[in-house]
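Novice: The following file, upload.cif, comprises mmCIF, C-alpha atoms and all ligand atoms:
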```cif
data_query
#
loop_
_atom_site.label_atom_id
_atom_site.label_comp_id
_atom_site.auth_asym_id
_atom_site.auth_seq_id
_atom_site.Cartn_x
_atom_site.Cartn_y
_atom_site.Cartn_z
CA MET A 1 152.88 89.93 109.09
CA ARG A 2 152.52 92.89 106.72
CA LYS A 3 150.86 92.31 103.39
CA GLU A 4 152.90 92.82 100.24
CA PRO A 5 152.72 96.45 99.12
CA ILE A 6 150.40 97.23 96.20
CA ILE A 7 152.39 99.05 93.52
CA ILE A 8 150.34 100.68 90.75
CA GLY A 9 152.00 102.24 87.73
CA ASN A 10 149.99 105.11 86.24
CA TRP A 11 151.16 105.56 82.68
CA LYS A 12 148.98 108.66 82.13
CA MET A 13 148.94 109.50 78.36
CA HIS A 14 151.89 107.31 77.43
CA LYS A 15 152.30 104.06 75.47
CA THR A 16 150.50 102.61 72.46
CA PRO A 17 148.99 99.10 72.67
CA ALA A 18 152.17 97.60 71.16
CA GLU A 19 154.39 99.47 73.63
CA ALA A 20 152.17 98.36 76.51
CA VAL A 21 152.44 94.70 75.47
CA ALA A 22 156.22 94.93 75.08
CA PHE A 23 156.51 96.45 78.57
CA ILE A 24 154.31 93.77 80.15
CA GLU A 25 156.18 90.95 78.40
CA SER A 26 159.45 92.15 79.87
CA LEU A 27 158.12 92.86 83.39
CA GLU A 28 159.03 89.97 85.68
CA CYS A 29 157.17 90.81 88.86
CA LYS A 30 153.65 91.32 90.15
CA ALA A 31 152.22 94.80 89.67
CA HIS A 32 149.18 96.85 88.80
CA LEU A 33 149.24 99.05 85.68
CA ALA A 34 146.77 101.84 84.89
CA VAL A 35 147.02 102.14 81.12
CA PRO A 36 145.43 104.42 78.48
CA PHE A 37 142.04 103.20 77.15
CA PRO A 38 143.28 102.10 73.69
CA ALA A 39 145.86 99.79 75.33
CA LEU A 40 143.47 98.20 77.86
CA GLN A 41 142.50 95.05 76.00
CA ALA A 42 145.93 94.20 74.61
CA ALA A 43 147.52 94.92 78.00
CA ALA A 44 144.99 92.75 79.85
CA GLN A 45 145.60 89.86 77.46
CA ALA A 46 149.38 90.11 77.86
CA ALA A 47 149.05 90.48 81.64
CA SER A 48 146.66 87.61 82.25
CA ARG A 49 149.41 85.01 82.17
CA LYS A 50 151.68 86.98 84.51
CA GLY A 51 149.82 87.99 87.68
CA ILE A 52 149.72 91.62 86.55
CA GLU A 53 146.47 93.54 87.11
CA ILE A 54 145.37 96.04 84.48
CA GLY A 55 143.24 99.10 85.17
CA ALA A 56 141.91 102.22 83.48
CA GLN A 57 142.71 105.80 84.46
CA ASN A 58 139.18 107.21 84.32
CA LEU A 59 135.57 106.21 83.55
CA CYS A 60 132.20 107.79 82.78
CA GLU A 61 129.74 108.57 85.59
CA HIS A 62 126.91 107.07 83.47
CA SER A 63 126.44 103.45 82.50
CA ALA A 64 125.56 104.04 78.80
CA GLY A 65 124.00 106.62 76.49
CA ALA A 66 124.69 109.73 74.44
CA PHE A 67 128.02 110.72 76.02
CA THR A 68 130.39 111.21 73.09
CA GLY A 69 133.96 110.39 73.91
CA GLU A 70 133.22 108.70 77.22
CA VAL A 71 133.98 105.12 78.33
CA SER A 72 131.73 103.12 80.69
CA ALA A 73 132.67 100.85 83.57
CA ASP A 74 131.23 97.83 81.73
CA MET A 75 133.38 98.56 78.66
CA ILE A 76 136.47 98.71 80.87
CA VAL A 77 135.56 95.38 82.50
CA ALA A 78 134.94 93.85 79.07
CA CYS A 79 138.52 94.74 78.12
CA GLY A 80 139.78 92.62 81.03
CA ALA A 81 140.56 95.36 83.55
CA SER A 82 140.10 94.87 87.28
CA PHE A 83 140.52 98.38 88.68
CA VAL A 84 140.17 102.06 87.75
CA LEU A 85 141.67 105.31 89.02
CA VAL A 86 139.01 107.84 90.02
CA GLY A 87 139.50 111.54 90.75
CA HIS A 88 143.18 111.67 89.88
CA SER A 89 144.65 115.11 90.53
CA GLU A 90 144.93 115.76 86.79
CA ARG A 91 141.21 114.94 86.36
CA ARG A 92 140.35 117.30 89.22
CA HIS A 93 142.67 120.16 88.33
CA VAL A 94 143.03 120.00 84.52
CA TYR A 95 139.52 118.77 83.69
CA GLY A 96 137.63 120.32 86.61
CA GLU A 97 136.13 117.15 88.09
CA SER A 98 134.16 117.83 91.28
CA ASP A 99 133.87 115.60 94.34
CA GLU A 100 130.24 114.91 93.38
CA LEU A 101 131.19 113.76 89.87
CA ILE A 102 133.97 111.63 91.34
CA SER A 103 131.49 110.01 93.73
CA ALA A 104 129.19 109.11 90.79
CA LYS A 105 132.16 107.55 88.99
CA LEU A 106 133.08 105.51 92.07
CA LYS A 107 129.55 104.09 92.22
CA GLN A 108 129.67 103.13 88.53
CA ALA A 109 132.96 101.30 89.10
CA ILE A 110 131.67 99.40 92.12
CA GLN A 111 128.46 98.41 90.33
CA ALA A 112 130.55 96.94 87.51
CA LYS A 113 132.81 95.13 90.02
CA LEU A 114 135.83 97.24 89.10
CA THR A 115 137.89 98.24 92.15
CA PRO A 116 138.08 102.05 92.24
CA VAL A 117 141.22 103.79 93.49
CA LEU A 118 140.01 107.12 94.85
CA CYS A 119 142.79 109.69 94.48
CA ILE A 120 142.90 112.58 96.95
CA GLY A 121 145.42 115.23 97.94
CA GLU A 122 145.96 118.85 98.84
CA THR A 123 147.54 121.62 96.75
CA LEU A 124 150.63 123.49 97.95
CA SER A 125 148.62 126.51 99.02
CA GLU A 126 146.19 124.32 100.98
CA ARG A 127 149.16 122.75 102.79
CA GLU A 128 150.69 126.17 103.48
CA LEU A 129 147.37 127.31 104.96
CA ASP A 130 147.42 124.21 107.19
CA LYS A 131 144.28 122.87 105.51
CA THR A 132 145.61 119.46 104.46
CA GLU A 133 143.44 117.38 106.82
CA GLU A 134 140.37 119.46 106.11
CA VAL A 135 140.81 118.99 102.34
CA LEU A 136 141.41 115.23 102.65
CA LYS A 137 138.37 114.88 104.87
CA ARG A 138 136.19 116.78 102.40
CA GLN A 139 137.42 114.77 99.41
CA LEU A 140 136.80 111.52 101.31
CA SER A 141 133.40 112.36 102.71
CA LEU A 142 131.98 113.74 99.43
CA GLY A 143 133.74 111.20 97.23
CA LEU A 144 132.63 108.22 99.31
CA GLU A 145 129.10 109.44 99.98
CA GLY A 146 126.71 106.51 99.48
CA VAL A 147 129.55 104.26 98.30
CA SER A 148 129.70 100.70 99.56
CA GLY A 149 132.02 98.08 98.20
CA PRO A 150 135.74 97.45 98.09
CA PHE A 151 137.92 100.40 97.12
CA MET A 152 141.43 101.75 97.61
CA ILE A 153 142.66 105.24 98.39
CA ALA A 154 145.68 106.95 96.84
CA TYR A 155 147.02 109.94 98.74
CA GLU A 156 148.75 112.13 96.17
CA PRO A 157 149.69 115.62 97.34
CA VAL A 158 149.29 117.79 94.22
CA TRP A 159 152.61 119.58 94.84
CA ALA A 160 154.46 116.25 94.78
CA ILE A 161 153.08 115.01 91.44
CA GLY A 162 155.59 115.17 88.60
CA THR A 163 157.78 117.66 90.49
CA GLY A 164 160.52 115.35 91.77
CA LYS A 165 159.60 116.57 95.28
CA SER A 166 158.07 113.63 97.09
CA ALA A 167 156.48 114.11 100.50
CA SER A 168 158.86 112.91 103.21
CA ALA A 169 157.99 109.52 104.65
CA GLN A 170 156.91 111.21 107.90
CA MET A 171 154.70 113.73 106.12
CA ALA A 172 153.06 111.00 104.04
CA GLU A 173 152.58 108.75 107.09
CA GLN A 174 150.92 111.61 108.97
CA ALA A 175 148.43 112.13 106.13
CA HIS A 176 147.78 108.37 105.89
CA VAL A 177 147.07 108.20 109.63
CA ALA A 178 144.53 111.03 109.24
CA ILE A 179 142.91 109.25 106.26
CA ARG A 180 142.76 105.94 108.16
CA ARG A 181 141.24 107.68 111.18
CA PHE A 182 138.65 109.30 108.98
CA LEU A 183 137.77 106.04 107.20
CA GLY A 184 137.61 104.15 110.50
CA ASN A 185 138.44 100.99 108.53
CA LYS A 186 141.74 99.20 108.72
CA ASP A 187 141.14 97.09 105.63
CA VAL A 188 141.17 99.87 103.02
CA PRO A 189 144.58 99.95 101.30
CA ILE A 190 146.03 103.48 101.29
CA LEU A 191 148.71 104.11 98.66
CA TYR A 192 151.08 107.08 98.45
CA GLY A 193 151.75 108.82 95.13
CA GLY A 194 153.86 111.80 94.06
CA SER A 195 157.43 111.55 92.74
CA VAL A 196 157.94 107.98 93.98
CA ASN A 197 161.24 106.64 92.61
CA PRO A 198 163.68 103.81 93.38
CA SER A 199 165.53 105.96 95.96
CA ASN A 200 162.57 107.00 98.11
CA ALA A 201 160.13 104.10 97.66
CA GLN A 202 161.42 101.80 100.41
CA GLU A 203 161.42 104.49 103.09
CA LEU A 204 157.83 105.41 102.16
CA LEU A 205 156.69 101.77 102.01
CA LYS A 206 158.22 101.04 105.45
CA GLN A 207 155.67 103.31 107.14
CA ASP A 208 152.95 101.50 109.09
CA ASN A 209 150.05 103.14 107.25
CA ILE A 210 151.46 103.21 103.71
CA ASP A 211 150.17 100.10 101.95
CA GLY A 212 151.59 100.75 98.51
CA ALA A 213 152.51 103.34 95.92
CA LEU A 214 150.95 104.98 92.87
CA VAL A 215 153.86 105.65 90.54
CA GLY A 216 153.73 107.99 87.55
CA GLY A 217 156.91 108.86 85.64
CA ALA A 218 159.00 106.11 87.24
CA SER A 219 156.57 103.42 86.01
CA LEU A 220 157.28 104.06 82.32
CA ASP A 221 160.59 102.23 82.27
CA VAL A 222 160.60 98.50 83.11
CA LYS A 223 163.93 98.55 84.97
CA THR A 224 163.06 101.59 87.10
CA PHE A 225 159.58 100.27 87.89
CA THR A 226 160.99 96.82 88.75
CA SER A 227 163.49 98.32 91.17
CA ILE A 228 160.64 100.12 92.98
CA ILE A 229 158.69 96.86 93.25
CA ARG A 230 161.63 94.67 94.26
CA GLY A 231 163.04 97.26 96.66
P1 LIG K 301 154.75 111.08 89.42
O1 LIG K 301 155.18 109.77 90.05
O2 LIG K 301 155.26 111.26 88.02
O3 LIG K 301 155.03 112.23 90.33
O4 LIG K 301 153.16 111.02 89.25
C1 LIG K 301 152.40 110.64 90.34
C2 LIG K 301 151.03 110.36 89.89
O5 LIG K 301 150.28 111.27 89.52
C3 LIG K 301 150.59 108.97 89.86
O6 LIG K 301 149.21 108.88 89.71
#
```
Take the structure from the file and write it as structure tokens.
Ligand code: 13P
Specialist:
Amino acid sequence: MRKEPIIIGNWKMHKTPAEAVAFIESLECKAHLAVPFPALQAAAQAASRKGIEIGAQNLCEHSAGAFTGEVSADMIVACGASFVLVGHSERRHVYGESDELISAKLKQAIQAKLTPVLCIGETLSERELDKTEEVLKRQLSLGLEGVSGPFMIAYEPVWAIGTGKSASAQMAEQAHVAIRRFLGNKDVPILYGGSVNPSNAQELLKQDNIDGALVGGASLDVKTFTSIIRG
């Protein structure tokens, strides 16, 4: 039997601690939520009674020290979080994070017993040049270099993020098959992200190699997010 899909809401830079708690109190199903740092502790406290997992959206590649403005894996764990997004497209493309930096962040997460969700995906021009598999392979091999421990992958084609243009279920499945082949490990959950909404989620989640979804905009409203989770 198939496992239940893993649905992660990525709130990006939305919701204060009070708004996060109000959302969690009205959510009546299991989910994962990647919340902004200031909301982590309050969200984790509100979620602990409800089977909701809380995660961060980023972390520092160092464990402690003179890194003004950064947040360590241990600090995230101390707030009650269980997972962390690493290498999200906006970190790569807006903040210039390299595969090497992302790999260092993954190792920090694993050391602290936080489950990292490694985000990968090609840009539109890489897809048009037929380089999708090459890009995914590079992001996986550099990102996972020297990494051992449980992790998840989120395949998020950059052109599908926040555009309303999701990959078709077939296109996403094809990329997930390539990722699974490259990983050579059936137990790593591979989530799809990029314009997931209540109308396309079920078709995506029906695919054999799509184990869940990473939902941005559609995770900000309780009713919309619930209808993605409940199907
Ligand atoms: P959207 O669902 O808003 O396209 O965002 C996807 C995403 O980046 C989730 O991490």
Novice: Excluding region 35-40 of chain A and its own-chain neighbours fewer than 5 positions away, which residues fall within 12 Å of it when counting all atoms listed in the file? Please give them as a ChimeraX atom specification.
Specialist: /A:8-24,45-48,53-59,69-73,75-85,216,219-220
Novice: Please measure the separation of CA of Asp99 (chain A) and CA of Gly164 (chain A), giving the value in Å to one decimal.
Specialist: 26.8 Å
Novice: Rank A:Pro5, A:Ile120, A:Asp187, A:Thr132 by their smallest atom-to-atom distance to Gln202 (chain A), using only C-alpha atoms, and report the top residue only.
Specialist: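 Smallest separation from Gln202 (chain A) among the options: A:Pro5.
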Novice: Considering only C-alpha atoms, return as a PyMOL selection string whatever protein or nucleic-acid residues lie within 12 Å of Asn197 (chain A), sequence-local ones (same chain, fewer than 6 positions apart) excluded.
Specialist: chain A and resi 7+9+160-167+203-205+213-221+223-229+231
Novice: If I take CA of Leu136 (chain A) and CA of Asp211 (chain A), how far is one from the other in Å, to one decimal?
Specialist: 17.5 Å
Novice: Restricting the calculation to all atoms listed in the file, which member of A:Lys186, A:Lys105, A:His93, A:Lys50 is positioned closest to ligand LIG 301 (chain K)?
Specialist: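 Looking at the shortest contact to ligand LIG 301 (chain K), the residue is A:His93.
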